[in-house]
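Q: Next up, target-v1.cif (mmCIF, C-alpha atoms).
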```cif
data_structure
loop_
_atom_site.label_atom_id
_atom_site.label_comp_id
_atom_site.auth_asym_id
_atom_site.auth_seq_id
_atom_site.Cartn_x
_atom_site.Cartn_y
_atom_site.Cartn_z
CA MET A 1 -118.40 -25.57 83.21
CA ASP A 2 -118.02 -21.85 82.63
CA SER A 3 -119.92 -20.13 79.81
CA ILE A 4 -116.86 -19.52 77.63
CA THR A 5 -115.97 -23.20 77.68
CA GLN A 6 -119.51 -24.29 76.84
CA ILE A 7 -119.72 -21.79 73.98
CA ALA A 8 -116.36 -22.98 72.65
CA LEU A 9 -117.36 -26.64 72.95
CA GLY A 10 -120.68 -26.02 71.21
CA ALA A 11 -119.03 -24.09 68.39
CA ALA A 12 -116.36 -26.77 67.95
CA VAL A 13 -118.93 -29.57 67.83
CA GLY A 14 -121.03 -27.55 65.36
CA GLU A 15 -118.01 -27.08 63.11
CA ALA A 16 -117.15 -30.78 63.31
CA VAL A 17 -120.69 -31.87 62.35
CA LEU A 18 -121.63 -29.40 59.64
CA GLY A 19 -118.80 -26.92 59.09
CA ARG A 20 -117.62 -28.51 55.84
CA LYS A 21 -121.04 -27.98 54.24
CA ILE A 22 -122.29 -24.62 55.57
CA GLY A 23 -119.19 -22.85 56.86
CA ASN A 24 -119.16 -20.59 59.91
CA ARG A 25 -122.90 -20.80 60.50
CA ALA A 26 -122.29 -24.25 61.98
CA MET A 27 -120.04 -22.65 64.60
CA LEU A 28 -122.57 -19.91 65.29
CA TRP A 29 -125.48 -22.24 65.93
CA GLY A 30 -123.25 -24.63 67.86
CA ALA A 31 -122.29 -21.75 70.16
CA ILE A 32 -125.94 -20.76 70.58
CA ALA A 33 -127.02 -24.31 71.37
CA GLY A 34 -124.09 -24.62 73.78
CA THR A 35 -125.41 -21.64 75.72
CA LEU A 36 -129.11 -22.47 75.86
CA PRO A 37 -129.15 -25.07 78.69
CA ASP A 38 -127.52 -22.62 81.11
CA LEU A 39 -130.15 -19.94 80.54
CA ASP A 40 -132.24 -21.64 83.24
CA VAL A 41 -130.34 -19.52 85.78
CA PHE A 42 -132.50 -16.57 84.67
CA VAL A 43 -135.73 -18.40 85.55
CA PRO A 44 -136.80 -17.56 89.14
CA LEU A 45 -138.16 -20.58 90.98
CA GLY A 46 -139.31 -19.00 94.23
CA ASP A 47 -136.33 -19.00 96.58
CA ALA A 48 -132.55 -19.32 96.70
CA VAL A 49 -132.48 -23.04 97.52
CA LYS A 50 -134.79 -23.91 94.62
CA ASP A 51 -132.80 -21.71 92.24
CA PHE A 52 -129.59 -23.42 93.37
CA THR A 53 -130.70 -27.04 93.40
CA TYR A 54 -132.98 -27.07 90.34
CA HIS A 55 -130.30 -25.58 88.07
CA ARG A 56 -129.03 -28.29 85.71
CA SER A 57 -132.18 -30.38 86.10
CA ALA A 58 -134.84 -30.28 83.35
CA SER A 59 -132.71 -27.92 81.26
CA HIS A 60 -129.84 -30.42 81.32
CA SER A 61 -131.81 -33.63 80.85
CA LEU A 62 -130.78 -35.75 77.88
CA LEU A 63 -134.44 -36.67 77.37
CA MET A 64 -135.81 -33.12 77.56
CA LEU A 65 -133.07 -31.81 75.28
CA ALA A 66 -133.90 -34.54 72.76
CA LEU A 67 -137.46 -33.21 72.73
CA ALA A 68 -136.20 -29.64 72.36
CA THR A 69 -133.85 -30.44 69.48
CA PRO A 70 -136.51 -30.52 66.67
CA LEU A 71 -137.88 -27.18 67.90
CA LEU A 72 -134.51 -25.48 67.61
CA VAL A 73 -133.91 -27.08 64.21
CA TRP A 74 -137.31 -25.79 63.07
CA LEU A 75 -136.24 -22.28 64.09
CA ILE A 76 -132.91 -22.67 62.29
CA ASN A 77 -134.69 -23.76 59.11
CA LYS A 78 -136.97 -20.73 59.37
CA ILE A 79 -133.98 -18.43 59.59
CA HIS A 80 -131.93 -20.29 56.94
CA PRO A 81 -134.50 -21.80 54.51
CA ALA A 82 -131.78 -22.45 51.93
CA LEU A 83 -130.14 -24.91 54.34
CA ARG A 84 -133.18 -27.14 54.88
CA GLU A 85 -131.59 -29.89 52.82
CA HIS A 86 -129.26 -30.44 55.80
CA ARG A 87 -132.13 -31.09 58.23
CA VAL A 88 -130.74 -34.44 59.43
CA ARG A 89 -127.32 -32.90 59.97
CA TRP A 90 -128.91 -29.98 61.85
CA LEU A 91 -130.63 -32.46 64.15
CA LEU A 92 -127.31 -34.21 64.73
CA LEU A 93 -125.53 -30.89 65.32
CA VAL A 94 -128.01 -29.53 67.85
CA TYR A 95 -128.38 -32.69 69.89
CA SER A 96 -124.63 -33.37 69.82
CA VAL A 97 -124.04 -29.90 71.26
CA PHE A 98 -126.76 -30.36 73.90
CA ALA A 99 -125.43 -33.78 74.89
CA THR A 100 -121.78 -32.74 75.11
CA HIS A 101 -122.79 -29.70 77.19
CA VAL A 102 -124.56 -31.74 79.86
CA LEU A 103 -122.04 -34.57 79.82
CA LEU A 104 -119.18 -32.12 80.36
CA ASP A 105 -121.08 -30.64 83.31
CA SER A 106 -121.29 -34.16 84.72
CA PHE A 107 -117.51 -34.16 85.14
CA THR A 108 -117.70 -31.17 87.52
CA THR A 109 -118.26 -31.15 91.27
CA TYR A 110 -121.96 -30.28 91.10
CA GLY A 111 -122.75 -32.40 88.08
CA THR A 112 -126.10 -32.42 86.36
CA GLN A 113 -129.39 -34.31 86.44
CA ILE A 114 -128.98 -35.86 83.01
CA PHE A 115 -131.66 -38.52 83.58
CA TRP A 116 -134.41 -36.12 84.73
CA PRO A 117 -137.36 -36.86 85.13
CA VAL A 118 -136.61 -40.60 85.39
CA SER A 119 -134.06 -39.80 88.12
CA ASN A 120 -133.24 -36.45 89.70
CA LEU A 121 -129.97 -37.67 91.23
CA PRO A 122 -127.15 -35.39 90.00
CA VAL A 123 -124.45 -37.20 88.07
CA ALA A 124 -121.22 -35.65 89.35
CA TRP A 125 -117.88 -37.34 88.68
CA SER A 126 -115.93 -34.34 90.04
CA THR A 127 -112.84 -34.73 87.88
CA ILE A 128 -112.50 -31.20 86.46
CA PHE A 129 -112.78 -27.72 87.96
CA ILE A 130 -115.51 -25.50 86.53
CA ILE A 131 -112.80 -23.38 84.86
CA ASP A 132 -109.80 -25.24 83.49
CA PRO A 133 -107.71 -23.49 80.83
CA LEU A 134 -106.05 -26.72 79.70
CA TYR A 135 -109.45 -28.03 78.61
CA THR A 136 -110.67 -24.81 77.01
CA LEU A 137 -107.57 -23.56 75.18
CA PRO A 138 -107.36 -26.43 72.62
CA LEU A 139 -111.01 -25.79 71.71
CA LEU A 140 -110.38 -22.07 71.22
CA ALA A 141 -107.23 -22.71 69.19
CA GLY A 142 -109.06 -25.10 66.87
CA LEU A 143 -111.93 -22.66 66.40
CA ILE A 144 -109.62 -19.76 65.61
CA ALA A 145 -107.79 -21.90 63.06
CA ALA A 146 -111.08 -22.89 61.41
CA LEU A 147 -112.18 -19.25 61.28
CA VAL A 148 -109.03 -17.80 59.74
CA MET A 149 -108.17 -20.60 57.32
CA THR A 150 -109.87 -20.69 53.96
CA ARG A 151 -112.87 -22.96 53.49
CA HIS A 152 -111.28 -24.23 50.29
CA SER A 153 -108.88 -26.23 52.45
CA GLU A 154 -109.48 -28.94 55.03
CA ARG A 155 -106.80 -27.58 57.34
CA GLY A 156 -109.11 -25.40 59.46
CA HIS A 157 -111.66 -28.18 59.85
CA LEU A 158 -108.92 -30.63 60.82
CA ALA A 159 -107.46 -28.13 63.31
CA ASN A 160 -110.87 -27.83 64.96
CA ARG A 161 -111.13 -31.60 65.16
CA ALA A 162 -107.66 -31.75 66.69
CA GLY A 163 -108.78 -29.23 69.34
CA LEU A 164 -111.74 -31.45 70.20
CA ILE A 165 -109.51 -34.51 70.43
CA LEU A 166 -106.95 -32.78 72.65
CA SER A 167 -109.60 -31.41 75.02
CA SER A 168 -111.22 -34.85 75.21
CA LEU A 169 -107.88 -36.47 75.98
CA TYR A 170 -107.32 -33.93 78.74
CA LEU A 171 -110.76 -34.71 80.15
CA ALA A 172 -109.86 -38.40 80.14
CA TRP A 173 -106.64 -37.53 81.97
CA THR A 174 -108.65 -35.82 84.73
CA VAL A 175 -110.52 -39.09 85.31
CA VAL A 176 -107.22 -40.92 85.77
CA ALA A 177 -105.94 -38.14 88.05
CA SER A 178 -109.15 -38.28 90.08
CA PHE A 179 -108.74 -42.02 90.75
CA ALA A 180 -105.09 -41.53 91.71
CA ALA A 181 -105.87 -38.68 94.10
CA GLU A 182 -108.80 -40.48 95.73
CA SER A 183 -106.69 -43.59 96.22
CA SER A 184 -103.98 -41.52 97.93
CA PHE A 185 -106.51 -39.85 100.23
CA LYS A 186 -108.03 -43.21 101.18
CA SER A 187 -104.61 -44.69 101.92
CA ALA A 188 -103.67 -41.70 104.08
CA LEU A 189 -106.95 -41.85 106.00
CA GLN A 190 -106.40 -45.54 106.72
CA ALA A 191 -102.76 -45.03 107.70
CA GLN A 192 -103.70 -42.24 110.12
CA GLY A 193 -106.65 -44.17 111.57
CA ILE A 194 -109.20 -41.51 110.64
CA THR A 195 -112.70 -42.96 110.58
CA HIS A 196 -115.24 -41.17 108.42
CA ASP A 197 -118.66 -41.36 106.86
CA LYS A 198 -118.05 -39.68 103.51
CA LEU A 199 -115.13 -38.68 101.31
CA HIS A 200 -115.38 -36.14 98.51
CA THR A 201 -112.46 -35.30 96.22
CA SER A 202 -112.25 -32.52 93.65
CA PRO A 203 -109.55 -30.70 91.70
CA ALA A 204 -108.30 -27.40 93.07
CA PRO A 205 -109.02 -24.29 90.97
CA PHE A 206 -107.76 -24.15 87.38
CA ASN A 207 -105.71 -27.36 87.32
CA SER A 208 -105.81 -31.14 87.61
CA LEU A 209 -102.60 -31.72 89.56
CA LEU A 210 -103.67 -30.48 93.00
CA TRP A 211 -106.65 -32.19 94.61
CA ARG A 212 -108.77 -31.31 97.62
CA ALA A 213 -110.56 -33.74 99.91
CA VAL A 214 -113.46 -33.11 102.27
CA VAL A 215 -113.95 -35.90 104.80
CA ILE A 216 -117.12 -36.02 106.89
CA ASP A 217 -117.11 -37.60 110.35
CA ASP A 218 -119.41 -37.53 113.39
CA ASP A 219 -118.06 -34.26 114.78
CA GLY A 220 -117.50 -32.22 111.63
CA TYR A 221 -115.21 -32.51 108.66
CA TYR A 222 -111.59 -32.63 107.54
CA GLU A 223 -110.02 -30.73 104.66
CA ALA A 224 -106.82 -31.90 102.97
CA TYR A 225 -104.77 -31.35 99.83
CA TYR A 226 -102.71 -33.73 97.74
CA SER A 227 -100.63 -33.01 94.64
CA LEU A 228 -99.91 -35.67 92.08
CA LEU A 229 -96.34 -34.37 92.24
CA ASP A 230 -95.99 -35.04 95.99
CA GLU A 231 -93.01 -37.23 96.82
CA THR A 232 -94.77 -38.94 99.75
CA ASN A 233 -98.31 -39.74 100.80
CA ASP A 234 -97.93 -37.74 104.01
CA ILE A 235 -101.25 -35.89 103.75
CA ARG A 236 -102.30 -33.45 106.47
CA PHE A 237 -105.98 -33.50 107.42
CA SER A 238 -107.22 -30.38 109.22
CA HIS A 239 -110.39 -30.88 111.25
CA TYR A 240 -113.23 -28.35 111.62
CA PRO A 241 -116.44 -28.59 113.66
CA SER A 242 -119.94 -28.71 112.25
CA ALA A 243 -122.80 -27.70 114.56
CA ARG A 244 -125.38 -30.10 113.18
CA GLU A 245 -127.29 -29.89 116.45
CA LEU A 246 -128.49 -26.45 115.32
CA LEU A 247 -130.80 -28.21 112.87
CA ALA A 248 -132.84 -29.72 115.72
CA GLY A 249 -136.39 -28.53 115.22
CA ILE A 250 -135.98 -27.74 111.54
CA GLU A 251 -134.70 -31.09 110.29
CA ASP A 252 -137.91 -31.64 108.31
CA TYR A 253 -137.86 -28.14 106.79
CA TRP A 254 -137.75 -28.61 102.99
CA PRO A 255 -134.77 -26.30 102.29
CA VAL A 256 -132.74 -28.13 104.95
CA GLN A 257 -133.59 -31.54 103.54
CA ARG A 258 -133.02 -30.33 99.99
CA LEU A 259 -129.55 -28.94 100.77
CA GLN A 260 -128.59 -32.11 102.62
CA TRP A 261 -129.67 -34.18 99.64
CA PHE A 262 -128.16 -31.96 96.97
CA SER A 263 -124.79 -31.69 98.75
CA GLN A 264 -124.74 -35.49 99.04
CA GLY A 265 -123.99 -35.04 102.73
CA ILE A 266 -120.92 -32.86 102.11
CA TYR A 267 -122.13 -29.88 104.13
CA ALA A 268 -121.48 -28.06 107.40
CA VAL A 269 -123.73 -26.22 109.80
CA ALA A 270 -122.62 -23.09 111.63
CA ARG A 271 -123.99 -20.25 113.70
CA VAL A 272 -123.35 -16.76 112.33
CA GLN A 273 -124.65 -14.34 114.95
CA ASP A 274 -128.20 -15.71 115.41
CA ASP A 275 -128.50 -17.26 111.95
CA ILE A 276 -128.28 -20.98 111.21
CA ILE A 277 -126.14 -21.43 108.11
CA ILE A 278 -125.67 -24.48 105.89
CA SER A 279 -122.55 -24.43 103.71
CA ASP A 280 -121.97 -26.71 100.74
CA LEU A 281 -118.37 -27.80 101.33
CA ARG A 282 -117.72 -28.93 97.77
CA MET A 283 -116.95 -25.48 96.36
CA GLY A 284 -114.51 -23.25 98.20
CA ILE A 285 -111.45 -23.22 100.43
CA GLU A 286 -111.80 -23.32 104.20
CA PRO A 287 -113.25 -21.09 105.66
CA ASN A 288 -114.71 -19.47 102.54
CA TYR A 289 -117.44 -21.33 100.68
CA VAL A 290 -119.34 -20.15 97.63
CA PHE A 291 -122.76 -21.54 98.48
CA ARG A 292 -124.08 -20.77 101.98
CA PHE A 293 -127.72 -20.50 102.99
CA LYS A 294 -129.57 -19.15 106.00
CA VAL A 295 -132.19 -21.74 106.95
CA GLY A 296 -133.23 -20.62 110.45
CA GLU A 297 -132.48 -18.61 113.56
CA VAL A 298 -130.97 -19.83 116.82
CA SER A 299 -133.23 -17.60 118.92
CA ASN A 300 -136.32 -19.32 117.54
CA PRO A 301 -135.40 -22.43 115.55
CA HIS A 302 -139.03 -23.39 115.07
CA ALA A 303 -139.78 -20.12 113.28
CA ARG A 304 -138.73 -21.15 109.81
CA PRO A 305 -137.99 -18.35 107.37
CA SER A 306 -140.60 -18.29 104.63
CA VAL A 307 -137.85 -17.76 102.08
CA PRO A 308 -134.33 -19.17 102.75
CA ARG A 309 -131.60 -16.72 101.90
CA MET A 310 -128.32 -17.27 100.10
CA LEU A 311 -125.41 -15.42 101.66
CA VAL A 312 -123.05 -13.35 99.56
CA PRO A 313 -120.20 -15.66 98.47
CA VAL A 314 -116.86 -15.06 100.14
CA ARG A 315 -114.03 -15.27 97.61
CA ASP A 316 -110.53 -14.83 99.02
CA LEU A 317 -108.43 -14.70 95.87
CA SER A 318 -105.34 -13.82 97.89
CA ARG A 319 -104.87 -17.50 98.72
CA LEU A 320 -104.75 -18.66 95.11
CA PRO A 321 -100.98 -18.09 94.70
CA LEU A 322 -100.37 -20.16 97.84
CA LEU A 323 -102.68 -22.83 96.50
CA TRP A 324 -100.82 -22.86 93.19
CA ALA A 325 -97.48 -23.10 95.00
CA ARG A 326 -98.81 -26.18 96.83
CA ILE A 327 -98.74 -28.10 93.55
CA TRP A 328 -94.95 -28.07 93.62
CA ASP A 329 -94.20 -27.70 97.35
CA GLN A 330 -95.53 -30.43 99.64
CA SER A 331 -94.43 -28.54 102.77
CA ILE A 332 -97.14 -25.90 102.30
CA ALA A 333 -100.02 -26.62 104.66
CA PHE A 334 -103.54 -25.26 104.90
CA GLY A 335 -105.64 -24.90 107.99
CA PRO A 336 -104.38 -24.33 111.56
CA GLY A 337 -100.70 -23.47 111.46
CA GLU A 338 -100.60 -23.08 107.69
CA ARG A 339 -97.54 -21.46 106.13
CA VAL A 340 -98.27 -18.08 104.62
CA ASP A 341 -94.74 -17.05 103.65
CA LYS A 342 -95.07 -18.33 100.12
CA PRO A 343 -95.89 -15.92 97.29
#
```
What is this structure when it is put down as C-alpha cells?
A:
Amino acid sequence: MDSITQIALGAAVGEAVLGRKIGNRAMLWGAIAGTLPDLDVFVPLGDAVKDFTYHRSASHSLLMLALATPLLVWLINKIHPALREHRVRWLLLVYSVFATHVLLDSFTTYGTQIFWPVSNLPVAWSTIFIIDPLYTLPLLAGLIAALVMTRHSERGHLANRAGLILSSLYLAWTVVASFAAESSFKSALQAQGITHDKLHTSPAPFNSLLWRAVVIDDDGYYEAYYSLLDETNDIRFSHYPSARELLAGIEDYWPVQRLQWFSQGIYAVARVQDDIIISDLRMGIEPNYVFRFKVGEVSNPHARPSVPRMLVPVRDLSRLPLLWARIWDQSIAFGPGERVDKP
C-alpha cells in the first residue's frame, strides 16, 4: 500500500495497543514502525530487476520482523527510559505494526514474501488497489479524533478503534468483491469459449467496484473490465499480442527468468525499436504499464545486457475519468473501438 496508508495504519495500531497508557507517543512510534519495512527501496541491490523483485522480501518477512522487533524496542527504551515498564506492550505494539503492514501488502496485486526465507513466493491476494481512499480515510479520521480529544476521556481512543474496525471491514469487503468479480470473469470466458492459461483479476485504481482481468493465452493476452454494478455479464475481452518468441536465446538469462517468476506468468514481451521489453501486466491500463524492463536487443539477442534497465513508467492519467465512468456505465469499452466521448 502507499506510504500514507501504512503510516496511518501503524499509528492507529500503536494507539490501540498503548495509547491509553503513554498518549501520543504510541501513535508516533506506530507510524515510524509502519514506515520502516518500506525503506528497503533505498537499498540498491545491483540492477533494476533485483531492486524490483526483492522489494517486500526480507524486509517484509514475518520471521525477520519478529527478530527485528526487540531491537526497535531497545531503541525506544533508550529514547524513553521512563517508559521501560511497558516493555511487553512495546513489543506487542512494534510487532503488531510490522505484521499488519506486511499483511495489508499481501492484499495488493504484488503482495509480499511474508514467509521469507522459508518460502520466497509472494503472497498476493490482489483484492485492494495500492491506493484506496475508502480504506485509508477511516484510519485518518480515527487518528485525528484521538489527537484532538482529551486523554482524560476514552472517546478519542474509541474513535481510533472504530477507524480500525471500519477499515478492516472494508478490506474484508474487497475479498468478497474479488471473488464475485473473478467468478463473473470465469463465467464470461466460458460462455465466450475463450481458452486460456492464466487469469489475473485486480481492482481498478482507487475503488473496489470496478475490476480488471488479464487473461493469458498462447498468442498473447486479453484485457477486460467488469463492474459489480453491471446489469449483465456481457464482458468484452480485448486481445493483444505478446512476442514471446523474442526471448529465444535469452530464456535462461536470470532477469528474464526472474521477471517471469515474479509476474506469475502475467507478462508480455514486445519489441520497442531494437529493444526486447518485458512488461508486468498486473499494474497499468493497456497499453501503458508501470513496470517494463529492457532485457535484450533484437539485433543481437545473445548479447545480454550486463545490467537490465527499467523503462520510465508511462502514466496516462487522462483515462482515469473514463475508467471511473465505467463503474456506472457498462457501455463504455476499452481497447480497439473504445468509446472516448465520456468525460
Q: Find the residues near Pro70 in chain A: any atom within 12 Å, counting only C-alpha atoms, skip ones fewer than 5 places away on the same chain, and give them as number ranges by chain.
A: A: 64-65, 75-77, 87-95
Q: Let me make sure I understand: among A:Leu323, A:Ala141, A:Ile235, A:Ala159, which one has the smallest atom-to-atom distance to Leu209 in chain A if we use all atoms listed in the file?
A: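 That would be A:Leu323, the residue with the smallest distance to Leu209 in chain A.
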Q: I'd like the neighbourhood of Thr5 in chain A as a VMD selection string, where a residue qualifies if any of its atoms comes within 9 Å (using only C-alpha atoms), though same-chain residues fewer than 5 positions away should be ignored.
A: chain A and resid 10 131 to 133 135 to 137 139 to 140
Q: With the PyMOL selection byres ((chain A and resi 107-119) around 9) as the selection, what would be picked from this file? Answer as a ChimeraX atom specification, please.
A: /A:1,54-64,102-106,120-130,171,175,201-203,262-263,282-283
Q: Which value, in Å to one decimal, gives the distance between CA of Ala31 in chain A and CA of Ala12 in chain A?
A: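 Going from CA of Ala31 in chain A over to CA of Ala12 in chain A, I get 8.1 Å.
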Q: Taking into account only C-alpha atoms, which residue in the set A:Arg212, A:Arg236, A:Lys78, A:His152 is nearest to Gln192 in chain A?
A: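 For Gln192 in chain A, the nearest of the given residues is A:Arg236.
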Q: Could you tell me how far CA of Ala268 in chain A sits from CA of Phe291 in chain A, in Å to one decimal place?
A: 11.1 Å
Q: Would you give me, as a Markdown table, each residue of range 21-66 of chain A having an atom within 12 Å of an atom of range 147-150 of chain A, along with its shortest atom pair and that distance in Å to one decimal, using all atoms listed in the file and sorting by chain and residue number?
A:
```
| residue | atom | partner | partner_atom | distance |
| --- | --- | --- | --- | --- |
| A:Gly23 | CA | A:Leu147 | CA | 9.0 |
| A:Asn24 | CA | A:Leu147 | CA | 7.2 |
| A:Arg25 | CA | A:Leu147 | CA | 10.9 |
| A:Ala26 | CA | A:Leu147 | CA | 11.3 |
| A:Met27 | CA | A:Leu147 | CA | 9.2 |
| A:Leu28 | CA | A:Leu147 | CA | 11.2 |
```
Q: Kindly add N, CA and C atoms to the incomplete range 146-159 of chain A and provide the output as a short mmCIF file (atom, residue, chain, number, x, y, z; two decimals), in the coordinates of the input.
A:
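Ended up saving to result_36.cif:
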```
data_model
loop_
_atom_site.label_atom_id
_atom_site.label_comp_id
_atom_site.auth_asym_id
_atom_site.auth_seq_id
_atom_site.Cartn_x
_atom_site.Cartn_y
_atom_site.Cartn_z
N ALA A 146 -110.00 -22.66 62.38
CA ALA A 146 -111.08 -22.89 61.41
C ALA A 146 -111.64 -21.58 60.87
N LEU A 147 -111.64 -20.55 61.70
CA LEU A 147 -112.18 -19.25 61.28
C LEU A 147 -111.25 -18.53 60.31
N VAL A 148 -109.96 -18.60 60.54
CA VAL A 148 -109.03 -17.80 59.74
C VAL A 148 -108.54 -18.53 58.49
N MET A 149 -108.63 -19.86 58.50
CA MET A 149 -108.17 -20.60 57.32
C MET A 149 -109.28 -20.66 56.28
N THR A 150 -108.90 -20.69 55.04
CA THR A 150 -109.87 -20.69 53.96
C THR A 150 -110.71 -21.96 53.97
N ARG A 151 -111.97 -21.81 53.57
CA ARG A 151 -112.87 -22.96 53.49
C ARG A 151 -112.57 -23.85 52.29
N HIS A 152 -111.67 -23.40 51.44
CA HIS A 152 -111.28 -24.23 50.29
C HIS A 152 -110.27 -25.30 50.68
N SER A 153 -109.84 -25.25 51.95
CA SER A 153 -108.88 -26.23 52.45
C SER A 153 -109.48 -26.94 53.66
N GLU A 154 -109.02 -28.15 53.88
CA GLU A 154 -109.48 -28.94 55.03
C GLU A 154 -108.71 -28.61 56.30
N ARG A 155 -107.69 -27.77 56.20
CA ARG A 155 -106.80 -27.58 57.34
C ARG A 155 -107.53 -27.00 58.55
N GLY A 156 -108.38 -26.00 58.35
CA GLY A 156 -109.11 -25.40 59.46
C GLY A 156 -110.04 -26.40 60.13
N HIS A 157 -110.75 -27.16 59.32
CA HIS A 157 -111.66 -28.18 59.85
C HIS A 157 -110.89 -29.23 60.65
N LEU A 158 -109.73 -29.63 60.12
CA LEU A 158 -108.92 -30.63 60.82
C LEU A 158 -108.33 -30.06 62.11
N ALA A 159 -107.97 -28.76 62.09
CA ALA A 159 -107.46 -28.13 63.31
C ALA A 159 -108.53 -28.09 64.39
#
```
